[in-house]
file work26.csv (CSV, C-alpha atoms and all ligand atoms)
chain,number,residue,atom,x,y,z
A,1,MET,CA,-51.1,-85.3,-50.0
A,2,ASN,CA,-53.0,-83.2,-47.4
A,3,GLU,CA,-52.1,-85.3,-44.3
A,4,HIS,CA,-52.2,-82.0,-42.4
A,5,LEU,CA,-56.0,-81.9,-43.1
A,6,ASP,CA,-56.6,-84.9,-40.8
A,7,GLU,CA,-56.3,-82.5,-37.8
A,8,ILE,CA,-58.6,-79.9,-39.4
A,9,LEU,CA,-61.3,-81.5,-41.4
A,10,TYR,CA,-63.7,-84.4,-40.9
A,11,PRO,CA,-62.6,-88.0,-41.6
A,12,ALA,CA,-62.8,-89.4,-45.1
A,13,ILE,CA,-66.2,-90.8,-46.0
A,14,GLU,CA,-67.8,-92.6,-49.0
A,15,PRO,CA,-71.1,-91.6,-50.6
A,16,TYR,CA,-74.4,-93.2,-49.6
A,17,ASP,CA,-75.7,-92.4,-53.1
A,18,THR,CA,-74.3,-91.6,-56.5
A,19,GLY,CA,-76.3,-90.6,-59.6
A,20,THR,CA,-76.4,-89.0,-62.9
A,21,LEU,CA,-78.5,-85.9,-63.6
A,22,ILE,CA,-79.8,-85.9,-67.2
A,23,ALA,CA,-79.3,-82.3,-68.1
A,24,GLY,CA,-79.8,-80.5,-71.4
A,25,GLU,CA,-77.9,-81.1,-74.7
A,26,GLY,CA,-76.9,-84.6,-73.9
A,27,ASN,CA,-75.0,-83.7,-70.7
A,28,ARG,CA,-74.9,-86.3,-68.0
A,29,ILE,CA,-73.9,-84.7,-64.7
A,30,TYR,CA,-72.3,-86.9,-62.0
A,31,TYR,CA,-73.4,-86.2,-58.4
A,32,GLU,CA,-73.0,-87.9,-55.1
A,33,GLN,CA,-74.6,-87.6,-51.7
A,34,CYS,CA,-72.6,-88.3,-48.5
A,35,GLY,CA,-73.1,-87.9,-44.7
A,36,ASN,CA,-76.6,-87.9,-43.2
A,37,PRO,CA,-79.5,-88.3,-45.6
A,38,ASP,CA,-81.7,-86.4,-43.0
A,39,GLY,CA,-79.1,-83.7,-42.4
A,40,LYS,CA,-78.9,-80.1,-43.5
A,41,PRO,CA,-78.4,-80.0,-47.3
A,42,VAL,CA,-75.2,-78.5,-48.7
A,43,VAL,CA,-74.0,-78.4,-52.2
A,44,PHE,CA,-70.2,-78.2,-52.9
A,45,LEU,CA,-69.3,-76.2,-56.1
A,46,HIS,CA,-65.8,-77.0,-57.3
A,47,GLY,CA,-63.3,-74.7,-58.9
A,48,GLY,CA,-61.6,-74.2,-62.3
A,49,PRO,CA,-64.1,-74.3,-64.0
A,50,GLY,CA,-63.3,-77.8,-65.1
A,51,ALA,CA,-61.4,-79.1,-62.0
A,52,GLY,CA,-64.1,-81.7,-60.9
A,53,ALA,CA,-65.0,-82.7,-57.4
A,54,SER,CA,-62.6,-84.8,-55.2
A,55,PRO,CA,-63.3,-87.2,-52.3
A,56,TRP,CA,-61.6,-84.8,-49.8
A,57,HIS,CA,-64.1,-82.1,-50.6
A,58,ARG,CA,-66.6,-84.2,-48.5
A,59,ARG,CA,-64.5,-83.5,-45.4
A,60,PHE,CA,-65.5,-79.8,-44.9
A,61,PHE,CA,-68.8,-80.9,-43.4
A,62,ASP,CA,-69.9,-82.8,-40.3
A,63,PRO,CA,-71.2,-86.0,-41.8
A,64,GLU,CA,-73.6,-86.5,-38.8
A,65,ARG,CA,-75.3,-83.1,-39.4
A,66,TYR,CA,-75.0,-82.5,-43.1
A,67,ARG,CA,-76.4,-84.1,-46.3
A,68,ILE,CA,-73.4,-83.4,-48.5
A,69,ILE,CA,-73.9,-83.1,-52.2
A,70,LEU,CA,-71.0,-82.9,-54.7
A,71,ILE,CA,-71.4,-82.3,-58.4
A,72,ASP,CA,-68.9,-82.6,-61.3
A,73,GLN,CA,-69.9,-79.6,-63.5
A,74,ARG,CA,-70.5,-80.0,-67.2
A,75,GLY,CA,-67.7,-81.5,-69.2
A,76,CYS,CA,-65.3,-82.5,-66.3
A,77,GLY,CA,-64.7,-85.1,-63.6
A,78,ARG,CA,-67.1,-88.0,-64.0
A,79,SER,CA,-69.6,-86.0,-66.1
A,80,THR,CA,-70.0,-86.6,-69.8
A,81,PRO,CA,-69.4,-85.7,-72.6
A,82,HIS,CA,-65.9,-85.0,-71.2
A,83,ALA,CA,-64.1,-81.8,-72.4
A,84,SER,CA,-61.0,-83.9,-73.1
A,85,ASP,CA,-62.9,-85.9,-75.8
A,86,PRO,CA,-61.6,-85.3,-79.3
A,87,HIS,CA,-65.1,-84.0,-80.4
A,88,ALA,CA,-65.6,-81.9,-77.3
A,89,ASP,CA,-68.0,-79.0,-78.1
A,90,LEU,CA,-68.3,-76.4,-75.4
A,91,ARG,CA,-71.1,-74.3,-76.9
A,92,HIS,CA,-73.5,-75.7,-74.3
A,93,ASN,CA,-71.1,-75.2,-71.4
A,94,THR,CA,-71.6,-71.7,-69.9
A,95,THR,CA,-72.2,-70.3,-66.4
A,96,TRP,CA,-75.9,-70.2,-67.0
A,97,HIS,CA,-76.0,-73.9,-68.1
A,98,LEU,CA,-74.3,-74.8,-64.8
A,99,VAL,CA,-76.7,-72.6,-62.8
A,100,ALA,CA,-79.6,-74.4,-64.5
A,101,ASP,CA,-78.0,-77.8,-63.8
A,102,ILE,CA,-77.6,-77.0,-60.1
A,103,GLU,CA,-81.2,-75.8,-59.8
A,104,LEU,CA,-82.5,-78.9,-61.7
A,105,LEU,CA,-80.6,-81.2,-59.3
A,106,ARG,CA,-81.9,-79.3,-56.2
A,107,ARG,CA,-85.5,-79.9,-57.4
A,108,ASN,CA,-84.9,-83.5,-58.4
A,109,LEU,CA,-83.5,-84.2,-54.9
A,110,GLY,CA,-86.5,-82.6,-53.3
A,111,ILE,CA,-84.5,-80.1,-51.4
A,112,ALA,CA,-86.2,-76.8,-50.5
A,113,LYS,CA,-83.1,-74.9,-49.5
A,114,TRP,CA,-79.5,-75.8,-49.4
A,115,GLN,CA,-76.3,-74.2,-48.2
A,116,VAL,CA,-74.0,-73.3,-51.1
A,117,PHE,CA,-70.2,-73.8,-50.6
A,118,GLY,CA,-67.7,-72.7,-53.3
A,119,GLY,CA,-64.1,-71.6,-53.6
A,120,SER,CA,-62.4,-69.8,-56.5
A,121,TRP,CA,-64.5,-70.5,-59.6
A,122,GLY,CA,-66.9,-72.2,-57.2
A,123,SER,CA,-67.3,-68.8,-55.4
A,124,ALA,CA,-68.3,-67.1,-58.7
A,125,LEU,CA,-70.7,-70.0,-59.5
A,126,ALA,CA,-72.1,-69.8,-56.0
A,127,LEU,CA,-72.7,-66.1,-56.3
A,128,ALA,CA,-74.3,-66.5,-59.8
A,129,TYR,CA,-76.5,-69.4,-58.6
A,130,THR,CA,-77.6,-67.6,-55.5
A,131,GLN,CA,-78.3,-64.3,-57.3
A,132,ALA,CA,-80.5,-66.3,-59.8
A,133,HIS,CA,-82.3,-68.4,-57.2
A,134,PRO,CA,-82.0,-66.6,-53.8
A,135,ARG,CA,-84.9,-68.5,-52.2
A,136,ALA,CA,-83.1,-71.8,-52.8
A,137,VAL,CA,-80.2,-70.9,-50.6
A,138,SER,CA,-80.0,-71.1,-46.8
A,139,GLU,CA,-76.4,-69.9,-46.3
A,140,ILE,CA,-73.3,-69.2,-48.5
A,141,VAL,CA,-69.7,-70.1,-47.7
A,142,LEU,CA,-67.2,-68.6,-50.2
A,143,ARG,CA,-63.4,-68.8,-50.4
A,144,GLY,CA,-60.7,-67.4,-52.7
A,145,ILE,CA,-63.1,-64.9,-54.3
A,146,PHE,CA,-63.2,-64.8,-58.1
A,147,THR,CA,-65.6,-62.7,-60.1
A,148,LEU,CA,-64.0,-62.9,-63.6
A,149,ARG,CA,-63.7,-59.1,-64.0
A,150,ARG,CA,-61.3,-58.1,-66.8
A,151,HIS,CA,-58.5,-57.1,-64.5
A,152,GLU,CA,-58.8,-60.3,-62.5
A,153,LEU,CA,-58.3,-62.4,-65.6
A,154,GLU,CA,-55.5,-60.1,-66.9
A,155,TRP,CA,-53.7,-60.3,-63.6
A,156,PHE,CA,-53.3,-64.1,-63.8
A,157,TYR,CA,-53.4,-64.9,-67.5
A,158,GLU,CA,-51.9,-61.8,-69.2
A,159,GLY,CA,-48.8,-61.1,-67.1
A,160,GLY,CA,-49.7,-59.3,-63.8
A,161,ALA,CA,-48.7,-62.2,-61.6
A,162,ALA,CA,-45.4,-62.6,-63.6
A,163,SER,CA,-44.0,-59.9,-61.3
A,164,ILE,CA,-44.2,-62.2,-58.3
A,165,VAL,CA,-43.4,-65.6,-60.0
A,166,PRO,CA,-41.3,-64.8,-63.1
A,167,ASP,CA,-39.8,-68.3,-63.2
A,168,LEU,CA,-43.3,-69.9,-63.4
A,169,TRP,CA,-44.5,-67.3,-65.9
A,170,GLU,CA,-41.6,-68.2,-68.2
A,171,ASP,CA,-42.8,-71.8,-68.3
A,172,PHE,CA,-46.4,-70.6,-69.0
A,173,VAL,CA,-45.4,-68.5,-72.0
A,174,ALA,CA,-42.9,-71.0,-73.3
A,175,PRO,CA,-45.3,-72.8,-75.7
A,176,ILE,CA,-46.5,-69.5,-77.2
A,177,PRO,CA,-44.4,-67.7,-79.9
A,178,ILE,CA,-43.3,-64.2,-78.9
A,179,LEU,CA,-45.6,-62.4,-81.4
A,180,GLU,CA,-48.7,-64.0,-79.8
A,181,ARG,CA,-47.8,-63.3,-76.2
A,182,SER,CA,-49.7,-60.0,-75.9
A,183,GLN,CA,-52.9,-62.1,-75.9
A,184,MET,CA,-52.1,-65.2,-73.9
A,185,MET,CA,-55.7,-66.4,-73.4
A,186,GLN,CA,-56.3,-66.2,-77.2
A,187,ALA,CA,-53.0,-67.8,-78.0
A,188,TYR,CA,-53.8,-70.7,-75.7
A,189,HIS,CA,-57.3,-71.0,-77.2
A,190,ARG,CA,-55.9,-71.7,-80.6
A,191,ARG,CA,-53.8,-74.5,-79.3
A,192,LEU,CA,-56.3,-76.0,-76.8
A,193,THR,CA,-59.0,-76.3,-79.6
A,194,ASP,CA,-56.6,-77.8,-82.1
A,195,PRO,CA,-57.8,-81.4,-82.7
A,196,ASP,CA,-54.2,-82.7,-82.8
A,197,PRO,CA,-53.1,-84.1,-79.4
A,198,GLU,CA,-49.5,-83.1,-80.2
A,199,VAL,CA,-50.7,-79.5,-80.1
A,200,HIS,CA,-53.5,-79.5,-77.4
A,201,VAL,CA,-52.0,-81.8,-74.8
A,202,PRO,CA,-48.7,-79.9,-74.2
A,203,ALA,CA,-50.6,-76.6,-74.2
A,204,ALA,CA,-53.1,-78.0,-71.6
A,205,ILE,CA,-50.4,-79.3,-69.4
A,206,ALA,CA,-48.5,-75.9,-69.5
A,207,TRP,CA,-51.8,-74.0,-68.7
A,208,SER,CA,-52.7,-76.4,-65.8
A,209,ARG,CA,-49.2,-76.4,-64.4
A,210,TRP,CA,-49.2,-72.6,-64.2
A,211,GLU,CA,-52.3,-72.7,-62.2
A,212,ALA,CA,-51.4,-75.6,-60.0
A,213,ALA,CA,-48.0,-74.1,-59.1
A,214,ASN,CA,-49.7,-70.9,-58.0
A,215,LEU,CA,-52.4,-72.3,-55.7
A,216,THR,CA,-50.5,-72.9,-52.5
A,217,LEU,CA,-48.1,-70.7,-50.4
A,218,LEU,CA,-45.5,-73.5,-50.5
A,219,PRO,CA,-45.1,-75.8,-53.5
A,220,ASP,CA,-47.4,-78.9,-53.5
A,221,PRO,CA,-45.9,-81.4,-55.9
A,222,ALA,CA,-48.8,-83.9,-55.5
A,223,LEU,CA,-51.3,-81.1,-56.5
A,224,ILE,CA,-49.2,-80.2,-59.5
A,225,GLU,CA,-49.0,-83.8,-60.5
A,226,SER,CA,-52.7,-84.5,-60.3
A,227,MET,CA,-53.6,-81.3,-62.2
A,228,THR,CA,-51.2,-82.0,-65.0
A,229,GLU,CA,-52.4,-85.6,-65.7
A,230,PRO,CA,-53.2,-85.3,-69.4
A,231,ARG,CA,-56.9,-86.1,-69.5
A,232,ALA,CA,-57.8,-83.9,-66.5
A,233,ALA,CA,-55.5,-81.1,-67.7
A,234,VAL,CA,-57.1,-81.0,-71.2
A,235,ALA,CA,-60.6,-80.7,-69.8
A,236,PHE,CA,-59.5,-78.2,-67.1
A,237,ALA,CA,-57.6,-76.0,-69.6
A,238,ARG,CA,-60.2,-76.1,-72.3
A,239,ILE,CA,-63.1,-75.3,-70.0
A,240,GLU,CA,-61.2,-72.5,-68.1
A,241,ASN,CA,-60.0,-70.9,-71.3
A,242,HIS,CA,-63.5,-71.0,-72.8
A,243,TYR,CA,-65.1,-69.4,-69.7
A,244,PHE,CA,-62.4,-66.8,-69.3
A,245,LEU,CA,-62.5,-65.7,-73.0
A,246,HIS,CA,-66.2,-65.1,-72.5
A,247,GLY,CA,-65.7,-63.3,-69.1
A,248,GLY,CA,-67.9,-66.0,-67.6
A,249,TRP,CA,-70.9,-64.6,-69.6
A,250,PHE,CA,-71.1,-61.9,-66.9
A,251,ASP,CA,-71.5,-58.2,-67.3
A,252,GLU,CA,-68.4,-56.5,-65.9
A,253,GLY,CA,-68.8,-56.4,-62.1
A,254,GLN,CA,-72.1,-58.3,-62.2
A,255,LEU,CA,-71.5,-60.6,-59.3
A,256,ILE,CA,-70.5,-57.8,-56.9
A,257,ALA,CA,-73.4,-55.6,-58.0
A,258,GLY,CA,-75.7,-58.6,-57.6
A,259,VAL,CA,-75.0,-58.7,-53.8
A,260,GLU,CA,-78.1,-56.5,-53.6
A,261,ARG,CA,-80.3,-59.6,-54.3
A,262,ILE,CA,-78.7,-61.9,-51.7
A,263,ARG,CA,-77.6,-59.5,-48.9
A,264,HIS,CA,-80.1,-61.1,-46.4
A,265,ILE,CA,-78.6,-64.6,-46.7
A,266,PRO,CA,-76.1,-65.5,-44.0
A,267,ALA,CA,-72.6,-65.7,-45.6
A,268,VAL,CA,-69.0,-66.2,-44.8
A,269,ILE,CA,-66.1,-65.0,-47.0
A,270,VAL,CA,-62.6,-66.6,-46.5
A,271,GLN,CA,-59.6,-65.3,-48.4
A,272,GLY,CA,-55.9,-66.0,-48.2
A,273,ARG,CA,-53.8,-62.9,-48.2
A,274,TYR,CA,-51.1,-64.3,-50.5
A,275,ASP,CA,-53.5,-65.6,-53.1
A,276,LEU,CA,-51.8,-65.1,-56.6
A,277,CYS,CA,-54.6,-66.8,-58.6
A,278,THR,CA,-57.5,-64.7,-57.3
A,279,PRO,CA,-55.9,-61.8,-55.4
A,280,ALA,CA,-57.4,-60.5,-52.2
A,281,MET,CA,-58.6,-57.3,-53.8
A,282,THR,CA,-61.7,-59.1,-55.2
A,283,ALA,CA,-62.6,-60.5,-51.8
A,284,TRP,CA,-62.1,-57.1,-50.4
A,285,ASP,CA,-64.4,-55.5,-53.0
A,286,LEU,CA,-67.0,-58.1,-52.1
A,287,HIS,CA,-66.6,-57.5,-48.4
A,288,ARG,CA,-67.0,-53.7,-49.0
A,289,ALA,CA,-70.2,-54.4,-51.0
A,290,TRP,CA,-71.5,-57.0,-48.5
A,291,PRO,CA,-70.4,-55.9,-44.9
A,292,GLU,CA,-73.1,-58.2,-43.5
A,293,ALA,CA,-71.2,-61.3,-44.6
A,294,GLU,CA,-68.5,-62.5,-42.1
A,295,PHE,CA,-65.1,-61.8,-43.6
A,296,THR,CA,-61.8,-63.6,-42.7
A,297,MET,CA,-58.5,-62.7,-44.3
A,298,VAL,CA,-56.2,-65.7,-43.5
A,299,PRO,CA,-52.7,-64.1,-42.9
A,300,ASP,CA,-50.5,-67.1,-43.9
A,301,ALA,CA,-52.3,-68.7,-46.9
A,302,ALA,CA,-52.5,-68.4,-50.7
A,303,HIS,CA,-55.5,-69.8,-52.7
A,304,ALA,CA,-56.2,-73.5,-52.1
A,305,ALA,CA,-58.9,-74.8,-49.8
A,306,SER,CA,-56.2,-77.2,-48.5
A,307,GLU,CA,-54.1,-74.4,-47.0
A,308,PRO,CA,-54.3,-75.0,-43.3
A,309,GLY,CA,-55.7,-71.6,-42.2
A,310,ILE,CA,-58.2,-71.6,-45.0
A,311,ALA,CA,-59.4,-75.2,-44.3
A,312,ALA,CA,-59.8,-74.3,-40.6
A,313,ALA,CA,-61.9,-71.2,-41.3
A,314,LEU,CA,-64.1,-73.0,-43.8
A,315,ARG,CA,-64.8,-75.8,-41.3
A,316,ALA,CA,-65.6,-73.3,-38.6
A,317,ALA,CA,-68.1,-71.7,-40.9
A,318,THR,CA,-69.9,-75.0,-41.8
A,319,ASP,CA,-69.9,-76.1,-38.1
A,320,ARG,CA,-71.5,-72.8,-37.1
A,321,PHE,CA,-74.2,-73.1,-39.8
A,322,ALA,CA,-74.8,-76.7,-39.0
A,323,ALA,CA,-76.5,-75.6,-35.8
A,324,ASP,CA,-79.1,-73.6,-37.7
A,325,ALA,CA,-82.4,-75.1,-38.5
A,326,HIS,CA,-82.9,-76.5,-42.0
A,327,ASP,CA,-86.0,-77.2,-44.0
A,328,GLY,CA,-84.8,-79.9,-46.4
A,329,HIS,CA,-87.5,-82.4,-47.2
A,330,ASP,CA,-90.2,-79.7,-46.9
A,331,ASP,CA,-92.5,-80.6,-49.8
A,332,ALA,CA,-94.6,-77.5,-49.5
A,333,ALA,CA,-91.4,-75.4,-49.8
A,334,VAL,CA,-90.3,-77.4,-52.8
A,335,GLU,CA,-93.7,-76.6,-54.5
A,336,ASP,CA,-93.2,-73.0,-53.6
A,337,ALA,CA,-89.7,-72.9,-55.0
A,338,HIS,CA,-91.0,-74.7,-58.1
A,339,ASP,CA,-93.7,-72.2,-58.7
A,340,GLU,CA,-91.5,-69.2,-58.3
A,341,HIS,CA,-89.8,-67.5,-61.2
A,342,ASP,CA,-86.6,-66.0,-60.0
A,343,ASP,CA,-85.1,-63.8,-62.7
A,344,VAL,CA,-82.1,-65.4,-64.2
A,345,THR,CA,-79.6,-62.6,-64.6
A,346,GLY,CA,-77.8,-63.8,-67.6
A,347,ALA,CA,-78.3,-65.0,-71.2
A,348,VAL,CA,-77.4,-68.4,-72.5
A,349,GLU,CA,-75.5,-67.9,-75.7
A,350,GLY,CA,-76.1,-70.3,-78.6
A,351,ALA,CA,-78.1,-72.6,-76.4
A,352,GLY,CA,-81.5,-74.3,-76.9
A,353,GLU,CA,-84.4,-73.6,-74.6
A,354,ALA,CA,-83.8,-76.7,-72.6
A,355,SER,CA,-80.7,-75.1,-71.1
A,356,VAL,CA,-82.8,-72.9,-68.8
A,357,ALA,CA,-84.0,-75.0,-65.9
A,358,PRO,CA,-86.7,-77.1,-67.5
A,359,ASP,CA,-90.1,-77.1,-65.9
A,360,ILE,CA,-89.8,-80.5,-64.3
A,361,ASP,CA,-92.1,-82.7,-62.2
A,362,THR,CA,-90.3,-83.2,-58.9
A,363,THR,CA,-92.2,-86.5,-58.4
A,364,GLU,CA,-90.4,-88.1,-61.3
A,365,PRO,CA,-86.7,-87.5,-60.8
A,366,ALA,CA,-84.8,-87.3,-64.1
A,367,ARG,CA,-81.8,-89.1,-62.7
A,368,GLU,CA,-80.4,-92.6,-62.4
A,369,SER,CA,-79.6,-93.4,-58.9
A,370,GLY,CA,-76.5,-95.4,-58.4
A,371,ALA,CA,-75.5,-95.1,-62.1
A,372,ALA,CA,-71.9,-94.2,-61.3
A,401,LIG,N1,-59.2,-70.6,-61.6
A,401,LIG,C1,-59.4,-70.6,-60.3
A,401,LIG,C2,-60.0,-71.8,-59.8
A,401,LIG,O1,-61.2,-71.9,-59.6
A,401,LIG,C3,-58.8,-69.3,-62.2
A,401,LIG,C4,-59.2,-73.0,-59.5
A,401,LIG,N2,-58.0,-73.1,-59.8
A,401,LIG,N3,-57.6,-74.3,-59.4
A,401,LIG,C5,-58.6,-74.8,-58.7
A,401,LIG,O2,-59.6,-74.0,-58.8
A,401,LIG,C6,-58.6,-76.1,-58.0
A,401,LIG,C7,-57.8,-76.0,-56.7
A,401,LIG,C8,-60.0,-76.6,-57.7
A,401,LIG,C9,-57.9,-77.2,-58.8
call {"tool": "encode", "arguments": {"input": "work26.csv", "output": "structure tokens"}}
result
Amino acid sequence: MNEHLDEILYPAIEPYDTGTLIAGEGNRIYYEQCGNPDGKPVVFLHGGPGAGASPWHRRFFDPERYRIILIDQRGCGRSTPHASDPHADLRHNTTWHLVADIELLRRNLGIAKWQVFGGSWGSALALAYTQAHPRAVSEIVLRGIFTLRRHELEWFYEGGAASIVPDLWEDFVAPIPILERSQMMQAYHRRLTDPDPEVHVPAAIAWSRWEAANLTLLPDPALIESMTEPRAAVAFARIENHYFLHGGWFDEGQLIAGVERIRHIPAVIVQGRYDLCTPAMTAWDLHRAWPEAEFTMVPDAAHAASEPGIAAALRAATDRFAADAHDGHDDAAVEDAHDEHDDVTGAVEGAGEASVAPDIDTTEPARESGAA
């Protein structure tokens, strides 16, 4: 898949380091570093939530100029415990746990400031992280803007998009009895949390297929196949459904209102006009609230980062920012960031105190290099 990206993105590369971040509540977070160890730091925040990072995500950044850090967020990809496990417990998997994990990793890697790059759910997480820790972020690159407001979730999961793709919607509602269809997210929740694989696996596949089939302007069978592989689909569907039923633990409109805290940070917003998954109105609302951020509406694209026009706009953004000075490896700045107490604009529900970025000693990294 994605051969067209060879002309747009950087060549495929392998990590120079992989590791495991020991986070709270028994979570082991996979991360990898690629490109130039002395380059400008950037962290890639994947979508879903629950989709995991992929090797091709490394290719949005010039490997000579960037120190590229990819993370598999709690419960998915190569992180454990995995949300597909029979005993998966998502109580300690919330937006604010992910924000704490990202900040813990930054401190452990000795990075003063990094660029934050995220699409779709990754754009919501990038906004949440940056609004909680504005001094840790040098620039923001956002795509397919998603802020989990009620009407965004209802559009995609409660029937709005059915007007455009009625055939695909029919497949999405098929596993749900008619009497339950007025609350699709709740109906799927009952099945996705059922311990019986005969119940949760088909539900997860139908949930993931609906999403996969709506990411690109033209059908991408390879993308649909990879997202409906049972183990990945169960983790993806369970994590997404859990986050969406909680509105991401955001106040309604919180991420757009929070632009006030990050307005000064250089930013790029890239949106596909025909995005069915996260329709352009949200990107437009963000653009209106944040006119200082460069805004690009790609005229011939839907949602995915692999859409040619979107990939090109994202690469142009990272190339432009690569020329800016960076202060990675600045120990004084790390101390400064360590001492500061940014307000975290969200509560962690049902979580122990260790879920808020622990007060760690940056000289003793809590990670196992090369463990993956
Ligand atoms: N979910 C949007 C999202 O973040 C509502 C997303 N959906 N699929 C993806 O991301 C991948 C392209 C990363 C699989």
call {"tool": "atom_distance", "arguments": {"input": "work26.csv", "atom1": "atom CA of A:Leu104", "atom2": "atom CA of A:Tyr129"}}
result
11.7 Å
call {"tool": "closest_residue", "arguments": {"input": "work26.csv", "among": "A:Leu218, A:Ile8, A:Pro63, A:Ile265", "to": "A:Pro37", "atoms": "all atoms listed in the file"}}
result
A:Pro63
call {"tool": "residues_near_ligand", "arguments": {"input": "work26.csv", "ligand": "ligand LIG 401 (chain A)", "cutoff": "6 Å", "atoms": "all atoms listed in the file", "output": "ChimeraX atom specification"}}
result
/A:46-49,51,120-121,304
call {"tool": "closest_residue", "arguments": {"input": "work26.csv", "among": "A:Val234, A:Ala132, A:Ala257, A:Ala313", "to": "A:Tyr188", "atoms": "all atoms listed in the file"}}
result
A:Val234
call {"tool": "residues_near_point", "arguments": {"input": "work26.csv", "point": "(-46.9, -68.9, -78.1)", "cutoff": "12 Å", "atoms": "all atoms listed in the file", "output": "list in words"}}
result
Glu170, Asp171, Phe172, Val173, Ala174, Pro175, Ile176, Pro177, Ile178, Leu179, Glu180, Arg181, Ser182, Gln183, Met184, Met185, Gln186, Ala187, Tyr188, His189, Arg190, Arg191, Leu192, Val199, Pro202, Ala203, Ala206 and Trp207 of chain A
call {"tool": "closest_residue", "arguments": {"input": "work26.csv", "among": "A:Val259, A:Ala305, A:Ala161, A:Met281", "to": "A:Leu215", "atoms": "all atoms listed in the file"}}
result
A:Ala305
call {"tool": "residues_around", "arguments": {"input": "work26.csv", "residues": "A:Ala302", "least_positions_apart": "6", "cutoff": "8 Å", "atoms": "all atoms listed in the file", "output": "VMD selection string"}}
result
chain A and resid 215 to 217 272 to 276
call {"tool": "residues_near_point", "arguments": {"input": "work26.csv", "point": "(-61.5, -77.0, -75.2)", "cutoff": "10 Å", "atoms": "only C-alpha atoms", "output": "compact mmCIF listing (two decimals) with C-alpha atoms, keeping the file's coordinate frame"}}
result
# COMPACT_ATOMS: atom_id res chain seq x y z
CA GLY A 75 -67.70 -81.50 -69.20
CA HIS A 82 -65.90 -85.00 -71.20
CA ALA A 83 -64.10 -81.80 -72.40
CA SER A 84 -61.00 -83.90 -73.10
CA ASP A 85 -62.90 -85.90 -75.80
CA PRO A 86 -61.60 -85.30 -79.30
CA HIS A 87 -65.10 -84.00 -80.40
CA ALA A 88 -65.60 -81.90 -77.30
CA ASP A 89 -68.00 -79.00 -78.10
CA LEU A 90 -68.30 -76.40 -75.40
CA TYR A 188 -53.80 -70.70 -75.70
CA HIS A 189 -57.30 -71.00 -77.20
CA ARG A 190 -55.90 -71.70 -80.60
CA ARG A 191 -53.80 -74.50 -79.30
CA LEU A 192 -56.30 -76.00 -76.80
CA THR A 193 -59.00 -76.30 -79.60
CA ASP A 194 -56.60 -77.80 -82.10
CA PRO A 195 -57.80 -81.40 -82.70
CA HIS A 200 -53.50 -79.50 -77.40
CA ALA A 204 -53.10 -78.00 -71.60
CA VAL A 234 -57.10 -81.00 -71.20
CA ALA A 235 -60.60 -80.70 -69.80
CA PHE A 236 -59.50 -78.20 -67.10
CA ALA A 237 -57.60 -76.00 -69.60
CA ARG A 238 -60.20 -76.10 -72.30
CA ILE A 239 -63.10 -75.30 -70.00
CA GLU A 240 -61.20 -72.50 -68.10
CA ASN A 241 -60.00 -70.90 -71.30
CA HIS A 242 -63.50 -71.00 -72.80
call {"tool": "atom_distance", "arguments": {"input": "work26.csv", "atom1": "atom CA of A:Thr282", "atom2": "atom CA of A:Ile164"}}
result
18.0 Å
call {"tool": "atom_distance", "arguments": {"input": "work26.csv", "atom1": "atom CA of A:Glu225", "atom2": "atom CA of A:Asn2"}}
result
13.7 Å
